[in-house]
>>> print(open('data-v2.csv').read())   # CSV, C-alpha atoms
chain,number,residue,atom,x,y,z
A,1028,MET,CA,14.8,8.4,-15.3
A,1029,ARG,CA,15.3,6.0,-12.4
A,1030,ASP,CA,14.8,2.2,-12.8
A,1031,ILE,CA,11.9,0.9,-10.8
A,1032,VAL,CA,10.5,-2.6,-10.3
A,1033,ILE,CA,7.3,-3.9,-8.7
A,1034,TYR,CA,7.4,-6.7,-6.1
A,1035,GLY,CA,4.3,-8.8,-6.8
A,1036,ALA,CA,3.4,-9.8,-10.4
A,1037,GLY,CA,-0.3,-10.6,-9.8
A,1038,GLY,CA,-3.3,-8.4,-10.5
A,1039,PHE,CA,-2.4,-5.8,-7.9
A,1040,GLY,CA,1.1,-5.6,-9.4
A,1041,ARG,CA,-0.4,-5.0,-12.9
A,1042,GLU,CA,-2.6,-2.2,-11.5
A,1043,VAL,CA,0.5,-0.6,-9.9
A,1044,ALA,CA,2.2,-0.9,-13.3
A,1045,CYS,CA,-0.7,1.1,-14.8
A,1046,LEU,CA,-0.1,3.7,-12.1
A,1047,ILE,CA,3.6,4.0,-13.0
A,1048,HIS,CA,2.8,4.5,-16.6
A,1049,ALA,CA,0.3,7.2,-15.7
A,1050,ILE,CA,2.9,9.0,-13.6
A,1051,LYS,CA,5.4,8.7,-16.5
A,1052,LYS,CA,3.0,10.7,-18.8
A,1053,VAL,CA,3.2,13.6,-16.3
A,1054,ASN,CA,6.7,13.2,-15.1
A,1055,HIS,CA,9.4,11.1,-16.8
A,1056,GLN,CA,10.8,10.0,-13.5
A,1057,TRP,CA,10.5,6.3,-13.6
A,1058,ASN,CA,11.6,3.5,-16.0
A,1059,LEU,CA,9.7,0.3,-15.2
A,1060,ILE,CA,12.0,-2.6,-16.0
A,1061,GLY,CA,9.8,-5.4,-14.7
A,1062,PHE,CA,8.6,-7.4,-11.7
A,1063,PHE,CA,9.9,-9.6,-8.8
A,1064,ASP,CA,7.8,-12.3,-7.4
A,1065,ASP,CA,8.1,-15.1,-4.8
A,1066,ASN,CA,6.7,-17.7,-7.2
A,1067,SER,CA,9.9,-19.1,-8.6
A,1068,SER,CA,8.1,-20.7,-11.6
A,1069,LEU,CA,7.4,-17.2,-12.9
A,1070,LYS,CA,11.0,-16.3,-13.3
A,1071,GLY,CA,11.8,-15.6,-17.0
A,1072,THR,CA,8.2,-15.2,-18.0
A,1073,SER,CA,6.3,-12.0,-18.5
A,1074,ASN,CA,2.9,-10.3,-18.3
A,1075,SER,CA,1.6,-7.5,-20.4
A,1076,TYR,CA,3.5,-4.9,-18.4
A,1077,GLY,CA,7.0,-6.5,-18.1
A,1078,ALA,CA,9.2,-9.5,-17.4
A,1079,ILE,CA,9.4,-11.3,-14.1
A,1080,LEU,CA,13.1,-10.9,-13.2
A,1081,GLY,CA,13.2,-13.3,-10.2
A,1082,GLY,CA,12.6,-13.5,-6.5
A,1083,ILE,CA,14.1,-12.2,-3.3
A,1084,GLU,CA,17.5,-13.7,-3.9
A,1085,THR,CA,17.9,-12.1,-7.3
A,1086,LEU,CA,16.8,-8.7,-5.8
A,1087,ASN,CA,19.3,-9.0,-3.0
A,1088,ASN,CA,22.1,-9.6,-5.5
A,1089,TRP,CA,21.1,-6.7,-7.8
A,1090,ASN,CA,24.3,-4.6,-8.3
A,1091,THR,CA,23.0,-1.3,-9.5
A,1092,PRO,CA,20.6,1.3,-7.9
A,1093,LEU,CA,17.0,0.2,-8.1
A,1094,SER,CA,13.8,1.5,-6.7
A,1095,VAL,CA,11.2,-1.1,-5.5
A,1096,LEU,CA,7.5,-0.6,-5.2
A,1097,MET,CA,5.6,-3.2,-3.2
A,1098,ALA,CA,2.4,-4.6,-4.6
A,1099,ILE,CA,1.5,-7.3,-2.0
A,1100,GLY,CA,-2.1,-7.2,-0.7
A,1101,ASN,CA,-1.5,-9.2,2.5
A,1102,PRO,CA,0.0,-7.1,5.4
A,1103,LYS,CA,1.8,-10.0,7.0
A,1104,ILE,CA,3.4,-11.1,3.7
A,1105,LEU,CA,4.2,-7.5,2.8
A,1106,ARG,CA,6.1,-7.0,6.1
A,1107,LEU,CA,7.9,-10.4,5.7
A,1108,VAL,CA,9.1,-9.7,2.2
A,1109,VAL,CA,10.4,-6.2,3.1
A,1110,SER,CA,12.3,-7.7,6.1
A,1111,LYS,CA,14.2,-10.0,3.8
A,1112,ILE,CA,15.4,-7.2,1.5
A,1113,ASP,CA,18.9,-6.3,2.6
A,1114,ASN,CA,20.5,-4.9,-0.5
A,1115,PRO,CA,22.0,-1.4,0.0
A,1116,ASN,CA,21.3,-0.7,-3.7
A,1117,ILE,CA,17.5,-0.9,-3.1
A,1118,LYS,CA,15.4,2.2,-2.3
A,1119,PHE,CA,11.7,2.3,-1.5
A,1120,PRO,CA,10.2,5.5,-3.0
A,1121,ASN,CA,6.7,6.9,-2.2
A,1122,ILE,CA,4.4,6.6,-5.3
A,1123,ILE,CA,1.4,8.9,-5.5
A,1124,ALA,CA,-1.1,8.9,-8.4
A,1125,PRO,CA,-1.2,12.1,-10.4
A,1126,ASP,CA,-4.9,12.7,-9.6
A,1127,VAL,CA,-4.7,12.3,-5.8
A,1128,LEU,CA,-6.4,15.3,-4.1
A,1129,PHE,CA,-4.6,16.8,-1.1
A,1130,LEU,CA,-6.6,19.4,0.8
A,1131,ASP,CA,-3.3,20.7,2.3
A,1132,GLN,CA,-0.2,18.9,1.1
A,1133,ASN,CA,2.0,21.1,3.4
A,1134,ASP,CA,0.2,19.4,6.3
A,1135,PHE,CA,0.9,15.9,5.1
A,1136,SER,CA,3.9,13.7,5.9
A,1137,LEU,CA,5.0,10.1,5.1
A,1138,GLY,CA,7.9,7.8,5.5
A,1139,HIS,CA,9.0,5.6,2.6
A,1140,GLY,CA,7.5,2.8,0.5
A,1141,ASN,CA,4.0,4.2,0.5
A,1142,LEU,CA,1.6,3.9,-2.4
A,1143,ILE,CA,-1.5,6.2,-2.9
A,1144,GLY,CA,-3.6,5.1,-5.8
A,1145,PHE,CA,-5.9,6.8,-8.3
A,1146,ARG,CA,-8.7,9.1,-7.1
A,1147,CYS,CA,-7.7,9.1,-3.4
A,1148,VAL,CA,-8.5,12.1,-1.2
A,1149,VAL,CA,-6.2,13.1,1.6
A,1150,SER,CA,-7.5,15.7,4.1
A,1151,CYS,CA,-5.3,18.0,6.3
A,1152,ASN,CA,-2.9,16.9,9.1
A,1153,VAL,CA,-2.5,13.3,7.8
A,1154,HIS,CA,0.6,11.3,8.5
A,1155,LEU,CA,1.8,8.0,7.2
A,1156,GLY,CA,4.6,5.7,8.3
A,1157,ASN,CA,6.2,3.2,5.9
A,1158,PHE,CA,4.8,0.7,3.4
A,1159,ASN,CA,1.2,1.7,3.5
A,1160,LEU,CA,-0.7,0.7,0.4
A,1161,PHE,CA,-3.8,2.7,-0.5
A,1162,ASN,CA,-5.8,1.3,-3.5
A,1163,ILE,CA,-8.2,3.3,-5.7
A,1164,ASP,CA,-10.7,5.8,-4.4
A,1165,VAL,CA,-9.7,5.9,-0.7
A,1166,LEU,CA,-10.7,8.9,1.5
A,1167,ILE,CA,-8.5,9.8,4.5
A,1168,GLY,CA,-10.1,12.2,6.9
A,1169,HIS,CA,-8.4,15.1,8.8
A,1170,ASP,CA,-6.0,14.4,11.7
A,1171,SER,CA,-5.6,10.7,10.8
A,1172,SER,CA,-2.5,8.7,11.1
A,1173,PHE,CA,-1.2,5.3,9.9
A,1174,GLY,CA,1.7,3.2,11.2
A,1175,ASN,CA,3.4,0.7,8.9
A,1176,PHE,CA,2.4,-2.1,6.5
A,1177,ASN,CA,-1.3,-1.3,6.3
A,1178,VAL,CA,-3.2,-2.4,3.2
A,1179,ILE,CA,-6.3,-0.3,2.3
A,1180,SER,CA,-8.7,-1.7,-0.3
A,1181,PRO,CA,-10.6,0.3,-2.9
A,1182,SER,CA,-13.3,2.8,-1.8
A,1183,VAL,CA,-12.4,2.7,1.9
A,1184,ARG,CA,-13.6,5.7,4.0
A,1185,ILE,CA,-11.5,6.8,6.9
A,1186,SER,CA,-13.1,9.5,9.0
A,1187,GLY,CA,-11.4,12.3,10.9
A,1188,GLU,CA,-9.0,11.7,13.8
A,1189,VAL,CA,-8.7,8.0,13.2
A,1190,LYS,CA,-5.5,6.3,14.4
A,1191,VAL,CA,-4.4,3.1,12.5
A,1192,GLY,CA,-1.5,1.1,13.8
A,1193,ASN,CA,0.5,-1.6,12.0
A,1194,ALA,CA,-0.2,-4.5,9.6
A,1195,ASN,CA,-4.0,-4.0,9.3
A,1196,PHE,CA,-6.1,-4.9,6.3
A,1197,LEU,CA,-9.2,-2.8,5.5
A,1198,GLY,CA,-11.6,-4.5,3.0
A,1199,VAL,CA,-13.4,-2.9,0.0
A,1200,SER,CA,-15.8,-0.1,0.9
A,1201,SER,CA,-15.2,-0.5,4.6
A,1202,ILE,CA,-15.7,2.6,6.8
A,1203,VAL,CA,-14.0,3.7,10.0
A,1204,LEU,CA,-16.0,6.4,11.9
A,1205,GLN,CA,-14.3,9.4,13.5
A,1206,ARG,CA,-11.9,9.2,16.4
A,1207,LYS,CA,-11.7,5.4,16.3
A,1208,LYS,CA,-8.5,3.4,16.8
A,1209,ILE,CA,-7.5,0.5,14.7
A,1210,GLY,CA,-4.6,-1.2,16.5
A,1211,ASN,CA,-2.4,-3.9,14.9
A,1212,HIS,CA,-3.0,-7.0,12.8
A,1213,THR,CA,-6.7,-6.3,12.4
A,1214,THR,CA,-8.8,-7.4,9.4
A,1215,ILE,CA,-11.9,-5.4,8.5
A,1216,GLY,CA,-14.3,-7.1,6.1
A,1217,ALA,CA,-15.7,-5.5,2.9
A,1218,ASN,CA,-18.6,-3.0,3.6
A,1219,SER,CA,-18.0,-3.3,7.3
A,1220,VAL,CA,-18.5,-0.2,9.5
A,1221,ILE,CA,-16.2,0.3,12.5
A,1222,ILE,CA,-18.0,2.2,15.2
A,1223,ARG,CA,-15.8,1.2,18.2
A,1224,ASN,CA,-12.1,0.9,18.7
A,1225,THR,CA,-10.8,-2.5,17.6
A,1226,THR,CA,-8.9,-5.2,19.4
A,1227,ASP,CA,-5.6,-6.4,18.0
A,1228,ASN,CA,-5.5,-9.7,16.0
A,1229,PHE,CA,-9.2,-9.9,15.3
A,1230,THR,CA,-11.4,-9.8,12.3
A,1231,TYR,CA,-14.4,-7.4,12.1
A,1232,ILE,CA,-17.4,-7.9,9.9
A,1233,GLY,CA,-20.7,-6.2,9.4
A,1234,ASN,CA,-22.6,-3.0,10.0
A,1235,PRO,CA,-22.0,-2.2,12.7
A,1236,ALA,CA,-18.9,-4.4,12.6
A,1237,VAL,CA,-18.7,-7.4,15.0
A,1238,LYS,CA,-15.5,-9.0,16.3
A,1239,PHE,CA,-14.7,-12.5,15.1
A,1240,ASN,CA,-11.7,-14.7,16.0
A,1241,LEU,CA,-11.0,-16.1,12.5
>>> encode(input="data-v2.csv", output="structure tokens")
Amino acid sequence: MRDIVIYGAGGFGREVACLIHAIKKVNHQWNLIGFFDDNSSLKGTSNSYGAILGGIETLNNWNTPLSVLMAIGNPKILRLVVSKIDNPNIKFPNIIAPDVLFLDQNDFSLGHGNLIGFRCVVSCNVHLGNFNLFNIDVLIGHDSSFGNFNVISPSVRISGEVKVGNANFLGVSSIVLQRKKIGNHTTIGANSVIIRNTTDNFTYIGNPAVKFNL
């Protein structure tokens, strides 16, 4: 087994710990040894899934091979934290829940540091970059692609031929209709429906979704 830690000790981090334990029941690949978190007051404490080992400084001084799984729900913070990790001992594996349904796993590709949670469905010709976090029950349609550092909330529906750029946040149960483009640094509110291509750095809310400068 390989040692793995979760970066982010909050609720999302505990959910990711549950995922690691579920994978371990099927494949004894991972040994979860704890969490890292930017909140320095948490160092030395623990939650129900493991100890908080420290922050970015401790991680960058780790002297043995270690896999790190990000559990940060804000794309900007996610990208910032990853940019600060410069320890050659650190690896960023892809973690996929045992019950993810791939319509054609041979027609699927991904970089590193991606997370695909429980009950997700991935259609054919789907391609992911790095550090994309898909929560529970996400559907990804055919011929869709994602860049880097996107955070996808539970029950999001991505239709076919959708192109998603970098550092976007898609809220719970939001929907992106077919052939739409989500650029960069876009926030989509819960239950919102994207029927047109989005503009970078804006928030979209409603059905159909309307652009706001928040």
>>> atom_distance(input="data-v2.csv", atom1="atom CA of His1154 of chain A", atom2="atom CA of Gly1216 of chain A")
23.8 Å
>>> closest_residue(input="data-v2.csv", among="A:Met1028, A:Leu1105, A:Val1127, A:Ile1112", to="Trp1089 of chain A", atoms="all atoms listed in the file")
A:Ile1112
>>> closest_atom_pairs(input="data-v2.csv", of="segment 1147-1211 of chain A", to="segment 1029-1044 of chain A", cutoff="12 Å", atoms="all atoms listed in the file", output="tab-separated table")
residue	atom	partner	partner_atom	distance
A:Leu1160	CA	A:Val1043	CA	10.5
A:Phe1161	CA	A:Val1043	CA	10.9
A:Asn1162	CA	A:Phe1039	CA	9.0
A:Ile1163	CA	A:Glu1042	CA	9.8
A:Val1178	CA	A:Phe1039	CA	11.6
A:Ser1180	CA	A:Phe1039	CA	10.7
A:Pro1181	CA	A:Phe1039	CA	11.4
>>> write_last_selection(input="data-v2.csv", atoms="C-alpha atoms", output="mmCIF file, keeping the file's coordinate frame")
data_model
loop_
_atom_site.group_PDB
_atom_site.id
_atom_site.type_symbol
_atom_site.label_atom_id
_atom_site.label_comp_id
_atom_site.auth_asym_id
_atom_site.auth_seq_id
_atom_site.Cartn_x
_atom_site.Cartn_y
_atom_site.Cartn_z
ATOM 1 C CA LEU A 1160 -0.700 0.700 0.400
ATOM 2 C CA PHE A 1161 -3.800 2.700 -0.500
ATOM 3 C CA ASN A 1162 -5.800 1.300 -3.500
ATOM 4 C CA ILE A 1163 -8.200 3.300 -5.700
ATOM 5 C CA VAL A 1178 -3.200 -2.400 3.200
ATOM 6 C CA SER A 1180 -8.700 -1.700 -0.300
ATOM 7 C CA PRO A 1181 -10.600 0.300 -2.900
#
>>> atom_distance(input="data-v2.csv", atom1="atom CA of Ala1194 of chain A", atom2="atom CA of Pro1115 of chain A")
24.4 Å
>>> closest_residue(input="data-v2.csv", among="A:Ser1201, A:Asn1121, A:Ser1150, A:Asn1228", to="Met1097 of chain A", atoms="only C-alpha atoms")
A:Asn1121
>>> residues_around(input="data-v2.csv", residues="Phe1119 of chain A", least_positions_apart="4", cutoff="7 Å", atoms="all atoms listed in the file", output="ChimeraX atom specification")
/A:1094-1096,1139-1140
>>> closest_residue(input="data-v2.csv", among="A:Asn1088, A:Ser1067, A:Asn1211, A:Gln1205", to="Arg1223 of chain A", atoms="only C-alpha atoms")
A:Gln1205
>>> closest_residue(input="data-v2.csv", among="A:Asn1074, A:Asn1087, A:Asn1224, A:Thr1214", to="Asn1240 of chain A", atoms="only C-alpha atoms")
A:Thr1214
>>> atom_distance(input="data-v2.csv", atom1="atom CA of Phe1062 of chain A", atom2="atom CA of Phe1173 of chain A")
26.9 Å
>>> closest_atom_pairs(input="data-v2.csv", of="segment 1117-1206 of chain A", to="segment 1217-1222 of chain A", cutoff="9 Å", atoms="all atoms listed in the file", output="tab-separated table")
residue	atom	partner	partner_atom	distance
A:Ser1180	CA	A:Ala1217	CA	8.6
A:Val1183	CA	A:Asn1218	CA	8.6
A:Leu1197	CA	A:Ala1217	CA	7.5
A:Gly1198	CA	A:Ala1217	CA	4.2
A:Val1199	CA	A:Ala1217	CA	4.5
A:Ser1200	CA	A:Asn1218	CA	4.9
A:Ser1201	CA	A:Asn1218	CA	4.3
A:Ile1202	CA	A:Val1220	CA	4.8
A:Val1203	CA	A:Ile1221	CA	4.8
A:Leu1204	CA	A:Ile1222	CA	5.7
A:Gln1205	CA	A:Ile1222	CA	8.3
>>> residues_around(input="data-v2.csv", residues="Lys1070 of chain A", least_positions_apart="5", cutoff="9 Å", atoms="only C-alpha atoms", output="VMD selection string")
chain A and resid 1063 to 1064 1078 to 1082
>>> closest_residue(input="data-v2.csv", among="A:His1169, A:Thr1213, A:Val1148, A:Phe1239", to="Asp1227 of chain A", atoms="only C-alpha atoms")
A:Thr1213
>>> closest_residue(input="data-v2.csv", among="A:Gly1210, A:Asn1193, A:Leu1069, A:Arg1146", to="Phe1229 of chain A", atoms="only C-alpha atoms")
A:Gly1210
>>> residues_around(input="data-v2.csv", residues="Ile1209 of chain A", least_positions_apart="2", cutoff="7 Å", atoms="only C-alpha atoms", output="list in words")
Lys1190, Val1191, Gly1192, Lys1207, Asn1211, Asn1224 and Thr1225 of chain A
>>> build_atoms(input="data-v2.csv", residues="segment 1182-1215 of chain A", atoms="N, CA and C atoms", output="mmCIF file, in the coordinates of the input")
data_model
loop_
_atom_site.group_PDB
_atom_site.id
_atom_site.type_symbol
_atom_site.label_atom_id
_atom_site.label_comp_id
_atom_site.auth_asym_id
_atom_site.auth_seq_id
_atom_site.Cartn_x
_atom_site.Cartn_y
_atom_site.Cartn_z
ATOM 1 N N SER A 1182 -12.079 2.128 -2.252
ATOM 2 C CA SER A 1182 -13.300 2.800 -1.800
ATOM 3 C C SER A 1182 -13.453 2.775 -0.255
ATOM 4 N N VAL A 1183 -12.373 2.587 0.480
ATOM 5 C CA VAL A 1183 -12.400 2.700 1.900
ATOM 6 C C VAL A 1183 -12.599 4.130 2.364
ATOM 7 N N ARG A 1184 -13.344 4.345 3.440
ATOM 8 C CA ARG A 1184 -13.600 5.700 4.000
ATOM 9 C C ARG A 1184 -13.053 5.759 5.407
ATOM 10 N N ILE A 1185 -12.043 6.595 5.617
ATOM 11 C CA ILE A 1185 -11.500 6.800 6.900
ATOM 12 C C ILE A 1185 -11.901 8.190 7.409
ATOM 13 N N SER A 1186 -12.649 8.253 8.486
ATOM 14 C CA SER A 1186 -13.100 9.500 9.000
ATOM 15 C C SER A 1186 -12.023 10.287 9.717
ATOM 16 N N GLY A 1187 -12.344 11.471 10.211
ATOM 17 C CA GLY A 1187 -11.400 12.300 10.900
ATOM 18 C C GLY A 1187 -10.889 11.758 12.198
ATOM 19 N N GLU A 1188 -9.629 12.064 12.529
ATOM 20 C CA GLU A 1188 -9.000 11.700 13.800
ATOM 21 C C GLU A 1188 -8.960 10.231 14.086
ATOM 22 N N VAL A 1189 -8.813 9.447 13.039
ATOM 23 C CA VAL A 1189 -8.700 8.000 13.200
ATOM 24 C C VAL A 1189 -7.184 7.657 13.283
ATOM 25 N N LYS A 1190 -6.864 6.734 14.166
ATOM 26 C CA LYS A 1190 -5.500 6.300 14.400
ATOM 27 C C LYS A 1190 -5.399 4.806 13.966
ATOM 28 N N VAL A 1191 -4.565 4.499 12.991
ATOM 29 C CA VAL A 1191 -4.400 3.100 12.500
ATOM 30 C C VAL A 1191 -2.957 2.708 12.817
ATOM 31 N N GLY A 1192 -2.808 1.547 13.441
ATOM 32 C CA GLY A 1192 -1.500 1.100 13.800
ATOM 33 C C GLY A 1192 -0.726 0.394 12.714
ATOM 34 N N ASN A 1193 -0.375 -0.879 12.896
ATOM 35 C CA ASN A 1193 0.500 -1.600 12.000
ATOM 36 C C ASN A 1193 -0.133 -2.876 11.448
ATOM 37 N N ALA A 1194 0.146 -3.170 10.171
ATOM 38 C CA ALA A 1194 -0.200 -4.500 9.600
ATOM 39 C C ALA A 1194 -1.678 -4.773 9.628
ATOM 40 N N ASN A 1195 -2.509 -3.794 9.312
ATOM 41 C CA ASN A 1195 -4.000 -4.000 9.300
ATOM 42 C C ASN A 1195 -4.428 -4.091 7.814
ATOM 43 N N PHE A 1196 -5.538 -4.794 7.616
ATOM 44 C CA PHE A 1196 -6.100 -4.900 6.300
ATOM 45 C C PHE A 1196 -7.569 -4.388 6.369
ATOM 46 N N LEU A 1197 -7.890 -3.401 5.530
ATOM 47 C CA LEU A 1197 -9.200 -2.800 5.500
ATOM 48 C C LEU A 1197 -9.854 -3.225 4.145
ATOM 49 N N GLY A 1198 -10.966 -3.981 4.193
ATOM 50 C CA GLY A 1198 -11.600 -4.500 3.000
ATOM 51 C C GLY A 1198 -12.328 -3.458 2.182
ATOM 52 N N VAL A 1199 -12.733 -3.855 0.987
ATOM 53 C CA VAL A 1199 -13.400 -2.900 0.000
ATOM 54 C C VAL A 1199 -14.584 -2.254 0.635
ATOM 55 N N SER A 1200 -14.626 -0.932 0.492
ATOM 56 C CA SER A 1200 -15.800 -0.100 0.900
ATOM 57 C C SER A 1200 -16.026 -0.134 2.409
ATOM 58 N N SER A 1201 -15.051 -0.539 3.196
ATOM 59 C CA SER A 1201 -15.200 -0.500 4.600
ATOM 60 C C SER A 1201 -15.117 0.971 5.119
ATOM 61 N N ILE A 1202 -15.677 1.232 6.303
ATOM 62 C CA ILE A 1202 -15.700 2.600 6.800
ATOM 63 C C ILE A 1202 -15.267 2.567 8.289
ATOM 64 N N VAL A 1203 -14.443 3.529 8.637
ATOM 65 C CA VAL A 1203 -14.000 3.700 10.000
ATOM 66 C C VAL A 1203 -14.530 5.078 10.469
ATOM 67 N N LEU A 1204 -15.386 5.101 11.481
ATOM 68 C CA LEU A 1204 -16.000 6.400 11.900
ATOM 69 C C LEU A 1204 -14.937 7.177 12.723
ATOM 70 N N GLN A 1205 -15.266 8.431 12.912
ATOM 71 C CA GLN A 1205 -14.300 9.400 13.500
ATOM 72 C C GLN A 1205 -13.843 9.013 14.860
ATOM 73 N N ARG A 1206 -12.561 9.338 15.089
ATOM 74 C CA ARG A 1206 -11.900 9.200 16.400
ATOM 75 C C ARG A 1206 -11.734 7.747 16.838
ATOM 76 N N LYS A 1207 -11.864 6.799 15.925
ATOM 77 C CA LYS A 1207 -11.700 5.400 16.300
ATOM 78 C C LYS A 1207 -10.210 5.005 16.135
ATOM 79 N N LYS A 1208 -9.828 3.936 16.847
ATOM 80 C CA LYS A 1208 -8.500 3.400 16.800
ATOM 81 C C LYS A 1208 -8.473 1.998 16.261
ATOM 82 N N ILE A 1209 -7.705 1.794 15.210
ATOM 83 C CA ILE A 1209 -7.500 0.500 14.700
ATOM 84 C C ILE A 1209 -6.041 0.099 15.079
ATOM 85 N N GLY A 1210 -5.882 -0.920 15.909
ATOM 86 C CA GLY A 1210 -4.600 -1.200 16.500
ATOM 87 C C GLY A 1210 -3.623 -1.887 15.506
ATOM 88 N N ASN A 1211 -3.365 -3.173 15.715
ATOM 89 C CA ASN A 1211 -2.400 -3.900 14.900
ATOM 90 C C ASN A 1211 -2.976 -5.270 14.502
ATOM 91 N N HIS A 1212 -2.636 -5.690 13.299
ATOM 92 C CA HIS A 1212 -3.000 -7.000 12.800
ATOM 93 C C HIS A 1212 -4.531 -7.220 12.819
ATOM 94 N N THR A 1213 -5.264 -6.203 12.441
ATOM 95 C CA THR A 1213 -6.700 -6.300 12.400
ATOM 96 C C THR A 1213 -7.174 -6.409 10.952
ATOM 97 N N THR A 1214 -8.173 -7.253 10.737
ATOM 98 C CA THR A 1214 -8.800 -7.400 9.400
ATOM 99 C C THR A 1214 -10.220 -6.881 9.486
ATOM 100 N N ILE A 1215 -10.555 -5.995 8.566
ATOM 101 C CA ILE A 1215 -11.900 -5.400 8.500
ATOM 102 C C ILE A 1215 -12.536 -5.876 7.188
#
